[in-house]
$ cat work_10.pdb   # PDB, N, CA and C atoms and all ligand atoms
ATOM      1  N   MET A 140     -14.407   0.357   2.227
ATOM      2  CA  MET A 140     -13.541  -0.681   2.776
ATOM      3  C   MET A 140     -14.356  -1.954   2.995
ATOM      4  N   GLY A 141     -13.766  -3.083   2.637
ATOM      5  CA  GLY A 141     -14.422  -4.333   2.944
ATOM      6  C   GLY A 141     -15.418  -4.795   1.907
ATOM      7  N   ASP A 142     -15.523  -4.108   0.777
ATOM      8  CA  ASP A 142     -16.516  -4.504  -0.205
ATOM      9  C   ASP A 142     -15.879  -5.186  -1.406
ATOM     10  N   GLY A 143     -15.499  -6.441  -1.172
ATOM     11  CA  GLY A 143     -15.101  -7.244  -2.311
ATOM     12  C   GLY A 143     -13.670  -7.110  -2.767
ATOM     13  N   GLY A 144     -12.829  -6.483  -1.974
ATOM     14  CA  GLY A 144     -11.418  -6.426  -2.344
ATOM     15  C   GLY A 144     -10.763  -7.779  -2.193
ATOM     16  N   LYS A 145      -9.579  -7.880  -2.707
ATOM     17  CA  LYS A 145      -8.828  -9.131  -2.678
ATOM     18  C   LYS A 145      -7.901  -9.123  -1.469
ATOM     19  N   TRP A 146      -7.875 -10.228  -0.707
ATOM     20  CA  TRP A 146      -6.976 -10.310   0.446
ATOM     21  C   TRP A 146      -5.593 -10.739  -0.035
ATOM     22  N   VAL A 147      -4.600  -9.946   0.257
ATOM     23  CA  VAL A 147      -3.250 -10.189  -0.238
ATOM     24  C   VAL A 147      -2.293 -10.241   0.955
ATOM     25  N   ARG A 148      -1.371 -11.218   0.924
ATOM     26  CA  ARG A 148      -0.393 -11.332   2.011
ATOM     27  C   ARG A 148       0.581 -10.165   1.946
ATOM     28  N   ALA A 149       0.737  -9.456   3.069
ATOM     29  CA  ALA A 149       1.603  -8.281   3.109
ATOM     30  C   ALA A 149       2.883  -8.525   3.893
ATOM     31  N   ALA A 150       2.845  -9.447   4.832
ATOM     32  CA  ALA A 150       4.013  -9.678   5.689
ATOM     33  C   ALA A 150       3.777 -10.924   6.521
ATOM     34  N   ALA A 151       4.852 -11.396   7.142
ATOM     35  CA  ALA A 151       4.720 -12.406   8.186
ATOM     36  C   ALA A 151       4.520 -11.659   9.499
ATOM     37  N   VAL A 152       3.753 -12.256  10.405
ATOM     38  CA  VAL A 152       3.462 -11.592  11.675
ATOM     39  C   VAL A 152       4.749 -11.164  12.381
ATOM     40  N   GLY A 153       5.785 -12.020  12.336
ATOM     41  CA  GLY A 153       7.019 -11.731  13.057
ATOM     42  C   GLY A 153       7.896 -10.667  12.426
ATOM     43  N   GLU A 154       7.535 -10.200  11.227
ATOM     44  CA  GLU A 154       8.379  -9.234  10.515
ATOM     45  C   GLU A 154       8.360  -7.845  11.130
ATOM     46  N   LEU A 155       7.258  -7.484  11.742
ATOM     47  CA  LEU A 155       7.117  -6.120  12.256
ATOM     48  C   LEU A 155       6.822  -6.159  13.755
ATOM     49  N   ALA A 156       7.710  -5.587  14.521
ATOM     50  CA  ALA A 156       7.477  -5.468  15.960
ATOM     51  C   ALA A 156       6.335  -4.483  16.199
ATOM     52  N   GLU A 157       5.761  -4.516  17.382
ATOM     53  CA  GLU A 157       4.730  -3.522  17.715
ATOM     54  C   GLU A 157       5.368  -2.141  17.708
ATOM     55  N   GLY A 158       4.683  -1.184  17.083
ATOM     56  CA  GLY A 158       5.242   0.167  16.954
ATOM     57  C   GLY A 158       6.044   0.365  15.690
ATOM     58  N   ALA A 159       6.112  -0.688  14.833
ATOM     59  CA  ALA A 159       6.904  -0.595  13.597
ATOM     60  C   ALA A 159       5.984  -0.531  12.383
ATOM     61  N   MET A 160       6.549  -0.120  11.261
ATOM     62  CA  MET A 160       5.781  -0.024  10.007
ATOM     63  C   MET A 160       6.728  -0.296   8.859
ATOM     64  N   LYS A 161       6.140  -0.592   7.700
ATOM     65  CA  LYS A 161       6.987  -0.765   6.521
ATOM     66  C   LYS A 161       6.172  -0.532   5.264
ATOM     67  N   PRO A 162       6.850  -0.117   4.187
ATOM     68  CA  PRO A 162       6.163   0.014   2.902
ATOM     69  C   PRO A 162       5.943  -1.357   2.298
ATOM     70  N   VAL A 163       4.804  -1.559   1.648
ATOM     71  CA  VAL A 163       4.527  -2.806   0.939
ATOM     72  C   VAL A 163       3.908  -2.468  -0.418
ATOM     73  N   GLU A 164       4.305  -3.231  -1.428
ATOM     74  CA  GLU A 164       3.718  -3.080  -2.768
ATOM     75  C   GLU A 164       2.735  -4.226  -2.951
ATOM     76  N   LEU A 165       1.450  -3.902  -3.057
ATOM     77  CA  LEU A 165       0.433  -4.943  -3.206
ATOM     78  C   LEU A 165      -0.451  -4.617  -4.394
ATOM     79  N   GLU A 166      -0.532  -5.536  -5.331
ATOM     80  CA  GLU A 166      -1.418  -5.373  -6.487
ATOM     81  C   GLU A 166      -1.156  -4.037  -7.194
ATOM     82  N   GLY A 167       0.104  -3.644  -7.278
ATOM     83  CA  GLY A 167       0.445  -2.417  -7.988
ATOM     84  C   GLY A 167       0.233  -1.146  -7.180
ATOM     85  N   ARG A 168      -0.122  -1.284  -5.918
ATOM     86  CA  ARG A 168      -0.318  -0.099  -5.078
ATOM     87  C   ARG A 168       0.799   0.011  -4.050
ATOM     88  N   SER A 169       1.172   1.244  -3.753
ATOM     89  CA  SER A 169       2.188   1.491  -2.713
ATOM     90  C   SER A 169       1.461   1.748  -1.403
ATOM     91  N   LEU A 170       1.512   0.751  -0.535
ATOM     92  CA  LEU A 170       0.797   0.848   0.741
ATOM     93  C   LEU A 170       1.780   0.851   1.899
ATOM     94  N   ALA A 171       1.262   1.175   3.051
ATOM     95  CA  ALA A 171       2.046   1.117   4.280
ATOM     96  C   ALA A 171       1.342   0.160   5.230
ATOM     97  N   LEU A 172       2.122  -0.700   5.861
ATOM     98  CA  LEU A 172       1.591  -1.638   6.845
ATOM     99  C   LEU A 172       2.137  -1.238   8.211
ATOM    100  N   TYR A 173       1.252  -1.171   9.195
ATOM    101  CA  TYR A 173       1.622  -0.708  10.538
ATOM    102  C   TYR A 173       1.237  -1.758  11.568
ATOM    103  N   HIS A 174       2.129  -1.998  12.499
ATOM    104  CA  HIS A 174       1.799  -2.829  13.661
ATOM    105  C   HIS A 174       1.797  -1.894  14.862
ATOM    106  N   LEU A 175       0.620  -1.517  15.302
ATOM    107  CA  LEU A 175       0.517  -0.502  16.348
ATOM    108  C   LEU A 175       1.002  -1.044  17.687
ATOM    109  N   ALA A 176       1.311  -0.124  18.565
ATOM    110  CA  ALA A 176       1.856  -0.486  19.880
ATOM    111  C   ALA A 176       0.881  -1.345  20.687
ATOM    112  N   ASP A 177      -0.427  -1.240  20.401
ATOM    113  CA  ASP A 177      -1.402  -2.050  21.144
ATOM    114  C   ASP A 177      -1.625  -3.419  20.497
ATOM    115  N   GLY A 178      -0.827  -3.716  19.450
ATOM    116  CA  GLY A 178      -0.932  -5.020  18.802
ATOM    117  C   GLY A 178      -1.811  -5.031  17.570
ATOM    118  N   THR A 179      -2.581  -3.951  17.345
ATOM    119  CA  THR A 179      -3.454  -3.863  16.182
ATOM    120  C   THR A 179      -2.624  -3.683  14.911
ATOM    121  N   TRP A 180      -3.133  -4.228  13.811
ATOM    122  CA  TRP A 180      -2.518  -3.994  12.507
ATOM    123  C   TRP A 180      -3.375  -3.021  11.712
ATOM    124  N   CYS A 181      -2.717  -2.115  10.958
ATOM    125  CA  CYS A 181      -3.431  -1.187  10.082
ATOM    126  C   CYS A 181      -2.683  -1.111   8.758
ATOM    127  N   ALA A 182      -3.394  -0.663   7.729
ATOM    128  CA  ALA A 182      -2.757  -0.439   6.429
ATOM    129  C   ALA A 182      -3.373   0.806   5.812
ATOM    130  N   SER A 183      -2.559   1.526   5.044
ATOM    131  CA  SER A 183      -3.035   2.732   4.376
ATOM    132  C   SER A 183      -2.247   2.928   3.091
ATOM    133  N   ASP A 184      -2.679   3.900   2.275
ATOM    134  CA  ASP A 184      -1.798   4.359   1.206
ATOM    135  C   ASP A 184      -0.525   4.870   1.871
ATOM    136  N   ASN A 185       0.603   4.711   1.179
ATOM    137  CA  ASN A 185       1.848   5.197   1.787
ATOM    138  C   ASN A 185       2.110   6.660   1.438
ATOM    139  N   LEU A 186       1.499   7.121   0.372
ATOM    140  CA  LEU A 186       1.722   8.504  -0.056
ATOM    141  C   LEU A 186       0.810   9.446   0.730
ATOM    142  N   CYS A 187       1.390  10.453   1.311
ATOM    143  CA  CYS A 187       0.612  11.474   2.028
ATOM    144  C   CYS A 187      -0.365  12.128   1.066
ATOM    145  N   THR A 188      -1.531  12.547   1.566
ATOM    146  CA  THR A 188      -2.522  13.190   0.699
ATOM    147  C   THR A 188      -2.199  14.666   0.476
ATOM    148  N   HIS A 189      -1.206  15.191   1.166
ATOM    149  CA  HIS A 189      -0.906  16.625   1.079
ATOM    150  C   HIS A 189       0.089  16.944  -0.021
ATOM    151  N   ALA A 190       1.190  16.217  -0.065
ATOM    152  CA  ALA A 190       2.199  16.428  -1.101
ATOM    153  C   ALA A 190       2.955  15.121  -1.235
ATOM    154  N   PHE A 191       4.147  15.145  -1.833
ATOM    155  CA  PHE A 191       4.834  13.880  -2.068
ATOM    156  C   PHE A 191       5.734  13.521  -0.901
ATOM    157  N   ALA A 192       5.241  12.649  -0.043
ATOM    158  CA  ALA A 192       6.060  12.142   1.058
ATOM    159  C   ALA A 192       5.531  10.765   1.421
ATOM    160  N   LEU A 193       6.434   9.885   1.806
ATOM    161  CA  LEU A 193       6.047   8.532   2.203
ATOM    162  C   LEU A 193       5.846   8.490   3.712
ATOM    163  N   LEU A 194       4.672   8.047   4.098
ATOM    164  CA  LEU A 194       4.333   8.054   5.525
ATOM    165  C   LEU A 194       5.203   7.094   6.323
ATOM    166  N   THR A 195       5.695   6.038   5.674
ATOM    167  CA  THR A 195       6.558   5.100   6.408
ATOM    168  C   THR A 195       7.914   5.721   6.759
ATOM    169  N   GLU A 196       8.182   6.935   6.228
ATOM    170  CA  GLU A 196       9.397   7.642   6.637
ATOM    171  C   GLU A 196       9.101   8.646   7.752
ATOM    172  N   GLY A 197       7.834   8.641   8.195
ATOM    173  CA  GLY A 197       7.445   9.539   9.275
ATOM    174  C   GLY A 197       7.493   8.848  10.626
ATOM    175  N   TRP A 198       6.575   9.274  11.515
ATOM    176  CA  TRP A 198       6.604   8.795  12.892
ATOM    177  C   TRP A 198       5.253   8.214  13.261
ATOM    178  N   LEU A 199       5.296   7.036  13.863
ATOM    179  CA  LEU A 199       4.084   6.349  14.301
ATOM    180  C   LEU A 199       3.966   6.514  15.808
ATOM    181  N   GLU A 200       2.829   7.084  16.219
ATOM    182  CA  GLU A 200       2.592   7.304  17.655
ATOM    183  C   GLU A 200       1.214   6.792  17.974
ATOM    184  N   GLY A 201       1.127   5.687  18.675
ATOM    185  CA  GLY A 201      -0.189   5.106  18.936
ATOM    186  C   GLY A 201      -0.831   4.737  17.616
ATOM    187  N   CYS A 202      -2.032   5.259  17.343
ATOM    188  CA  CYS A 202      -2.703   4.948  16.081
ATOM    189  C   CYS A 202      -2.604   6.115  15.117
ATOM    190  N   VAL A 203      -1.666   7.027  15.346
ATOM    191  CA  VAL A 203      -1.524   8.204  14.483
ATOM    192  C   VAL A 203      -0.181   8.141  13.755
ATOM    193  N   ILE A 204      -0.253   8.369  12.425
ATOM    194  CA  ILE A 204       0.982   8.469  11.649
ATOM    195  C   ILE A 204       1.219   9.951  11.336
ATOM    196  N   GLU A 205       2.459  10.376  11.564
ATOM    197  CA  GLU A 205       2.817  11.775  11.285
ATOM    198  C   GLU A 205       3.725  11.813  10.074
ATOM    199  N   CYS A 206       3.356  12.629   9.103
ATOM    200  CA  CYS A 206       4.105  12.754   7.853
ATOM    201  C   CYS A 206       5.471  13.398   8.109
ATOM    202  N   PRO A 207       6.517  12.895   7.429
ATOM    203  CA  PRO A 207       7.856  13.443   7.656
ATOM    204  C   PRO A 207       8.055  14.827   7.039
ATOM    205  N   LEU A 208       7.184  15.225   6.099
ATOM    206  CA  LEU A 208       7.485  16.451   5.355
ATOM    207  C   LEU A 208       6.948  17.710   6.030
ATOM    208  N   HIS A 209       5.640  17.725   6.351
ATOM    209  CA  HIS A 209       5.065  18.924   6.983
ATOM    210  C   HIS A 209       4.323  18.571   8.265
ATOM    211  N   SER A 210       4.595  17.402   8.808
ATOM    212  CA  SER A 210       4.017  16.985  10.085
ATOM    213  C   SER A 210       2.498  16.862  10.087
ATOM    214  N   GLY A 211       1.895  16.640   8.906
ATOM    215  CA  GLY A 211       0.470  16.323   8.882
ATOM    216  C   GLY A 211       0.244  14.981   9.568
ATOM    217  N   ARG A 212      -0.944  14.820  10.179
ATOM    218  CA  ARG A 212      -1.216  13.588  10.932
ATOM    219  C   ARG A 212      -2.532  12.958  10.485
ATOM    220  N   PHE A 213      -2.536  11.631  10.501
ATOM    221  CA  PHE A 213      -3.739  10.868  10.166
ATOM    222  C   PHE A 213      -3.987   9.828  11.244
ATOM    223  N   ASP A 214      -5.273   9.630  11.566
ATOM    224  CA  ASP A 214      -5.668   8.538  12.452
ATOM    225  C   ASP A 214      -5.789   7.283  11.591
ATOM    226  N   LEU A 215      -4.994   6.280  11.868
ATOM    227  CA  LEU A 215      -4.944   5.088  11.012
ATOM    228  C   LEU A 215      -6.167   4.205  11.164
ATOM    229  N   ARG A 216      -6.972   4.391  12.196
ATOM    230  CA  ARG A 216      -8.169   3.567  12.342
ATOM    231  C   ARG A 216      -9.229   3.979  11.337
ATOM    232  N   THR A 217      -9.215   5.268  10.950
ATOM    233  CA  THR A 217     -10.239   5.778  10.040
ATOM    234  C   THR A 217      -9.653   6.454   8.806
ATOM    235  N   GLY A 218      -8.398   6.841   8.857
ATOM    236  CA  GLY A 218      -7.778   7.606   7.774
ATOM    237  C   GLY A 218      -8.010   9.102   7.910
ATOM    238  N   ALA A 219      -8.732   9.508   8.941
ATOM    239  CA  ALA A 219      -9.103  10.921   9.078
ATOM    240  C   ALA A 219      -7.871  11.804   9.314
ATOM    241  N   GLY A 220      -7.786  12.874   8.529
ATOM    242  CA  GLY A 220      -6.740  13.864   8.736
ATOM    243  C   GLY A 220      -6.971  14.579  10.059
ATOM    244  N   GLN A 221      -5.877  14.951  10.704
ATOM    245  CA  GLN A 221      -5.974  15.552  12.039
ATOM    246  C   GLN A 221      -5.635  17.042  12.000
ATOM    247  N   GLY A 222      -6.162  17.733  11.002
ATOM    248  CA  GLY A 222      -5.953  19.179  10.956
ATOM    249  C   GLY A 222      -4.879  19.595   9.974
ATOM    250  N   ALA A 223      -4.621  20.898   9.900
ATOM    251  CA  ALA A 223      -3.703  21.469   8.923
ATOM    252  C   ALA A 223      -2.320  20.832   9.045
ATOM    253  N   PRO A 224      -1.635  20.649   7.902
ATOM    254  CA  PRO A 224      -2.032  21.083   6.553
ATOM    255  C   PRO A 224      -2.859  20.045   5.791
ATOM    256  N   ILE A 225      -3.359  19.012   6.463
ATOM    257  CA  ILE A 225      -4.074  17.948   5.750
ATOM    258  C   ILE A 225      -5.500  18.389   5.427
ATOM    259  N   GLU A 226      -5.870  18.246   4.144
ATOM    260  CA  GLU A 226      -7.244  18.549   3.726
ATOM    261  C   GLU A 226      -7.997  17.294   3.329
ATOM    262  N   ASP A 227      -7.273  16.316   2.805
ATOM    263  CA  ASP A 227      -7.909  15.082   2.349
ATOM    264  C   ASP A 227      -7.519  13.922   3.256
ATOM    265  N   ASP A 228      -8.525  13.126   3.597
ATOM    266  CA  ASP A 228      -8.257  11.959   4.437
ATOM    267  C   ASP A 228      -7.432  10.923   3.663
ATOM    268  N   LEU A 229      -6.873  10.016   4.402
ATOM    269  CA  LEU A 229      -6.016   8.975   3.853
ATOM    270  C   LEU A 229      -6.850   7.708   3.631
ATOM    271  N   ALA A 230      -6.603   7.008   2.521
ATOM    272  CA  ALA A 230      -7.283   5.725   2.310
ATOM    273  C   ALA A 230      -6.666   4.675   3.233
ATOM    274  N   VAL A 231      -7.535   3.977   3.956
ATOM    275  CA  VAL A 231      -7.071   2.901   4.824
ATOM    276  C   VAL A 231      -7.720   1.589   4.375
ATOM    277  N   TYR A 232      -7.100   0.484   4.713
ATOM    278  CA  TYR A 232      -7.507  -0.830   4.217
ATOM    279  C   TYR A 232      -7.665  -1.802   5.372
ATOM    280  N   ALA A 233      -8.565  -2.740   5.198
ATOM    281  CA  ALA A 233      -8.782  -3.758   6.232
ATOM    282  C   ALA A 233      -7.575  -4.695   6.297
ATOM    283  N   VAL A 234      -7.246  -5.105   7.512
ATOM    284  CA  VAL A 234      -6.127  -6.026   7.726
ATOM    285  C   VAL A 234      -6.630  -7.167   8.603
ATOM    286  N   ARG A 235      -6.176  -8.376   8.303
ATOM    287  CA  ARG A 235      -6.474  -9.485   9.215
ATOM    288  C   ARG A 235      -5.253 -10.404   9.289
ATOM    289  N   VAL A 236      -5.149 -11.097  10.402
ATOM    290  CA  VAL A 236      -4.045 -12.021  10.611
ATOM    291  C   VAL A 236      -4.589 -13.432  10.486
ATOM    292  N   GLU A 237      -3.906 -14.234   9.683
ATOM    293  CA  GLU A 237      -4.290 -15.634   9.502
ATOM    294  C   GLU A 237      -3.055 -16.472   9.724
ATOM    295  N   GLY A 238      -3.002 -17.146  10.853
ATOM    296  CA  GLY A 238      -1.794 -17.913  11.163
ATOM    297  C   GLY A 238      -0.607 -16.975  11.288
ATOM    298  N   ASP A 239       0.417 -17.199  10.463
ATOM    299  CA  ASP A 239       1.614 -16.355  10.502
ATOM    300  C   ASP A 239       1.557 -15.230   9.481
ATOM    301  N   ASP A 240       0.453 -15.119   8.766
ATOM    302  CA  ASP A 240       0.396 -14.151   7.683
ATOM    303  C   ASP A 240      -0.464 -12.949   8.029
ATOM    304  N   VAL A 241       0.013 -11.779   7.615
ATOM    305  CA  VAL A 241      -0.779 -10.553   7.727
ATOM    306  C   VAL A 241      -1.332 -10.260   6.349
ATOM    307  N   LEU A 242      -2.656 -10.199   6.250
ATOM    308  CA  LEU A 242      -3.326 -10.009   4.962
ATOM    309  C   LEU A 242      -3.982  -8.640   4.916
ATOM    310  N   VAL A 243      -3.891  -7.995   3.773
ATOM    311  CA  VAL A 243      -4.516  -6.685   3.572
ATOM    312  C   VAL A 243      -5.538  -6.829   2.459
ATOM    313  N   GLN A 244      -6.702  -6.219   2.658
ATOM    314  CA  GLN A 244      -7.736  -6.262   1.619
ATOM    315  C   GLN A 244      -7.537  -5.097   0.663
ATOM    316  N   VAL A 245      -7.132  -5.433  -0.554
ATOM    317  CA  VAL A 245      -6.837  -4.416  -1.566
ATOM    318  C   VAL A 245      -8.030  -4.334  -2.511
ATOM    319  N   PRO A 246      -8.635  -3.162  -2.643
ATOM    320  CA  PRO A 246      -9.806  -3.032  -3.515
ATOM    321  C   PRO A 246      -9.435  -3.322  -4.969
ATOM    322  N   ALA A 247     -10.400  -3.819  -5.713
ATOM    323  CA  ALA A 247     -10.191  -4.004  -7.154
ATOM    324  C   ALA A 247      -9.958  -2.637  -7.781
ATOM    325  N   VAL A 248      -9.101  -2.609  -8.805
ATOM    326  CA  VAL A 248      -8.773  -1.324  -9.450
ATOM    327  C   VAL A 248      -9.956  -0.846 -10.262
TER     328      VAL A 248
HETATM  329  S1  LIG A 301       3.415  16.013   2.477
HETATM  330 FE1  LIG A 301       2.542  15.119   4.235
HETATM  331  S2  LIG A 301       1.997  16.837   5.441
HETATM  332 FE2  LIG A 301       2.799  17.725   3.630
END
$ encode --input "work_10.pdb" --output "structure tokens"
Amino acid sequence: MGDGGKWVRAAAVGELAEGAMKPVELEGRSLALYHLADGTWCASDNLCTHAFALLTEGWLEGCVIECPLHSGRFDLRTGAGQGAPIEDDLAVYAVRVEGDDVLVQVPAV
């Protein structure tokens, strides 16, 4: 993370309330953008690492996203899986706010 990716606008700051999330397509990738309840922004792949499910259809609790399909959980600050059935961590991306824009750093393909 943070090594030379391209910063891409993902949303306007006002688009997502705290505690909300949404799917975003950036540079051909399906990502999820999260505005955590503490005001922090996070971004990750939207596809669960366990099977085919979109994390933005799950539940956001603090900094943890819970998958809608088998209730796997990931810590969005690190992408770390939080136990079974998750075996592979989730890719997470750097986010920064510039004025009214929320930018996500998308790695080069
Ligand atoms: S698909 Fe996400 S926990 Fe199974």
$ resolve_selection --input "work_10.pdb" --expression "the PyMOL selection byres (((chain A and resi 162-169 and name CA) around 8) and not hetatm and name CA)" --output "list in words"
Val147, Ala149, Met160, Lys161, Leu170, Ala171, Leu172, Asp184, Asn185, Leu186, Thr195 and Val245 of chain A
$ select_by_dssp --input "work_10.pdb" --residues "chain A" --states "strand (DSSP E or B)" --output "count of residues only"
50
$ residues_near_ligand --input "work_10.pdb" --ligand "ligand LIG 301 (chain A)" --cutoff "7 Å" --atoms "only C-alpha atoms and all ligand atoms" --output "PDB file with N, CA and C atoms, in the coordinates of the input"
ATOM      1  N   CYS A 187       1.390  10.453   1.311  1.00  0.00           N
ATOM      2  CA  CYS A 187       0.612  11.474   2.028  1.00  0.00           C
ATOM      3  C   CYS A 187      -0.365  12.128   1.066  1.00  0.00           C
ATOM      4  N   THR A 188      -1.531  12.547   1.566  1.00  0.00           N
ATOM      5  CA  THR A 188      -2.522  13.190   0.699  1.00  0.00           C
ATOM      6  C   THR A 188      -2.199  14.666   0.476  1.00  0.00           C
ATOM      7  N   HIS A 189      -1.206  15.191   1.166  1.00  0.00           N
ATOM      8  CA  HIS A 189      -0.906  16.625   1.079  1.00  0.00           C
ATOM      9  C   HIS A 189       0.089  16.944  -0.021  1.00  0.00           C
ATOM     10  N   ALA A 190       1.190  16.217  -0.065  1.00  0.00           N
ATOM     11  CA  ALA A 190       2.199  16.428  -1.101  1.00  0.00           C
ATOM     12  C   ALA A 190       2.955  15.121  -1.235  1.00  0.00           C
ATOM     13  N   PHE A 191       4.147  15.145  -1.833  1.00  0.00           N
ATOM     14  CA  PHE A 191       4.834  13.880  -2.068  1.00  0.00           C
ATOM     15  C   PHE A 191       5.734  13.521  -0.901  1.00  0.00           C
ATOM     16  N   ALA A 192       5.241  12.649  -0.043  1.00  0.00           N
ATOM     17  CA  ALA A 192       6.060  12.142   1.058  1.00  0.00           C
ATOM     18  C   ALA A 192       5.531  10.765   1.421  1.00  0.00           C
ATOM     19  N   CYS A 206       3.356  12.629   9.103  1.00  0.00           N
ATOM     20  CA  CYS A 206       4.105  12.754   7.853  1.00  0.00           C
ATOM     21  C   CYS A 206       5.471  13.398   8.109  1.00  0.00           C
ATOM     22  N   PRO A 207       6.517  12.895   7.429  1.00  0.00           N
ATOM     23  CA  PRO A 207       7.856  13.443   7.656  1.00  0.00           C
ATOM     24  C   PRO A 207       8.055  14.827   7.039  1.00  0.00           C
ATOM     25  N   LEU A 208       7.184  15.225   6.099  1.00  0.00           N
ATOM     26  CA  LEU A 208       7.485  16.451   5.355  1.00  0.00           C
ATOM     27  C   LEU A 208       6.948  17.710   6.030  1.00  0.00           C
ATOM     28  N   HIS A 209       5.640  17.725   6.351  1.00  0.00           N
ATOM     29  CA  HIS A 209       5.065  18.924   6.983  1.00  0.00           C
ATOM     30  C   HIS A 209       4.323  18.571   8.265  1.00  0.00           C
ATOM     31  N   SER A 210       4.595  17.402   8.808  1.00  0.00           N
ATOM     32  CA  SER A 210       4.017  16.985  10.085  1.00  0.00           C
ATOM     33  C   SER A 210       2.498  16.862  10.087  1.00  0.00           C
ATOM     34  N   GLY A 211       1.895  16.640   8.906  1.00  0.00           N
ATOM     35  CA  GLY A 211       0.470  16.323   8.882  1.00  0.00           C
ATOM     36  C   GLY A 211       0.244  14.981   9.568  1.00  0.00           C
ATOM     37  N   PRO A 224      -1.635  20.649   7.902  1.00  0.00           N
ATOM     38  CA  PRO A 224      -2.032  21.083   6.553  1.00  0.00           C
ATOM     39  C   PRO A 224      -2.859  20.045   5.791  1.00  0.00           C
ATOM     40  N   ILE A 225      -3.359  19.012   6.463  1.00  0.00           N
ATOM     41  CA  ILE A 225      -4.074  17.948   5.750  1.00  0.00           C
ATOM     42  C   ILE A 225      -5.500  18.389   5.427  1.00  0.00           C
TER      43      ILE A 225
END
$ closest_residue --input "work_10.pdb" --among "A:Gly158, A:Gly178, A:Gly144, A:Gly238" --to "Glu200 (chain A)" --atoms "only C-alpha atoms"
A:Gly158
$ closest_residue --input "work_10.pdb" --among "A:Ile204, A:Ala182, A:Leu199, A:Ala159" --to "Gln244 (chain A)" --atoms "all atoms listed in the file"
A:Ala182
$ closest_residue --input "work_10.pdb" --among "A:Trp198, A:Ala247, A:Ser183, A:Arg216" --to "Ala230 (chain A)" --atoms "only N, CA and C atoms"
A:Ser183
$ select_by_dssp --input "work_10.pdb" --residues "chain A" --states "helix (DSSP H, G or I)" --output "JSON, numbers by chain"
{"A": [152, 153, 154, 194, 195, 196]}
$ write_last_selection --input "work_10.pdb" --atoms "N, CA and C atoms" --output "compact mmCIF listing (two decimals), in the frame of the given file"
# COMPACT_ATOMS: atom_id res chain seq x y z
N VAL A 152 3.75 -12.26 10.40
CA VAL A 152 3.46 -11.59 11.68
C VAL A 152 4.75 -11.16 12.38
N GLY A 153 5.78 -12.02 12.34
CA GLY A 153 7.02 -11.73 13.06
C GLY A 153 7.90 -10.67 12.43
N GLU A 154 7.54 -10.20 11.23
CA GLU A 154 8.38 -9.23 10.52
C GLU A 154 8.36 -7.84 11.13
N LEU A 194 4.67 8.05 4.10
CA LEU A 194 4.33 8.05 5.52
C LEU A 194 5.20 7.09 6.32
N THR A 195 5.70 6.04 5.67
CA THR A 195 6.56 5.10 6.41
C THR A 195 7.91 5.72 6.76
N GLU A 196 8.18 6.94 6.23
CA GLU A 196 9.40 7.64 6.64
C GLU A 196 9.10 8.65 7.75
$ atom_distance --input "work_10.pdb" --atom1 "CA of Glu154 (chain A)" --atom2 "CA of Gly218 (chain A)"
23.5 Å
$ resolve_selection --input "work_10.pdb" --expression "the PyMOL selection byres (((chain A and resi 153) around 8) and not hetatm)" --output "number ranges by chain"
A: 150-152, 154-156, 239-241
$ atom_distance --input "work_10.pdb" --atom1 "CA of Phe213 (chain A)" --atom2 "CA of Tyr173 (chain A)"
12.8 Å
$ atom_distance --input "work_10.pdb" --atom1 "atom C of Tyr232 (chain A)" --atom2 "CA of Asp177 (chain A)"
17.0 Å
$ closest_residue --input "work_10.pdb" --among "A:Cys202, A:Val243, A:Gly143, A:Ala233" --to "Ala219 (chain A)" --atoms "only C-alpha atoms"
A:Cys202
$ closest_residue --input "work_10.pdb" --among "A:Val234, A:Val248, A:Ala223, A:Leu193" --to "Thr179 (chain A)" --atoms "only C-alpha atoms"
A:Val234
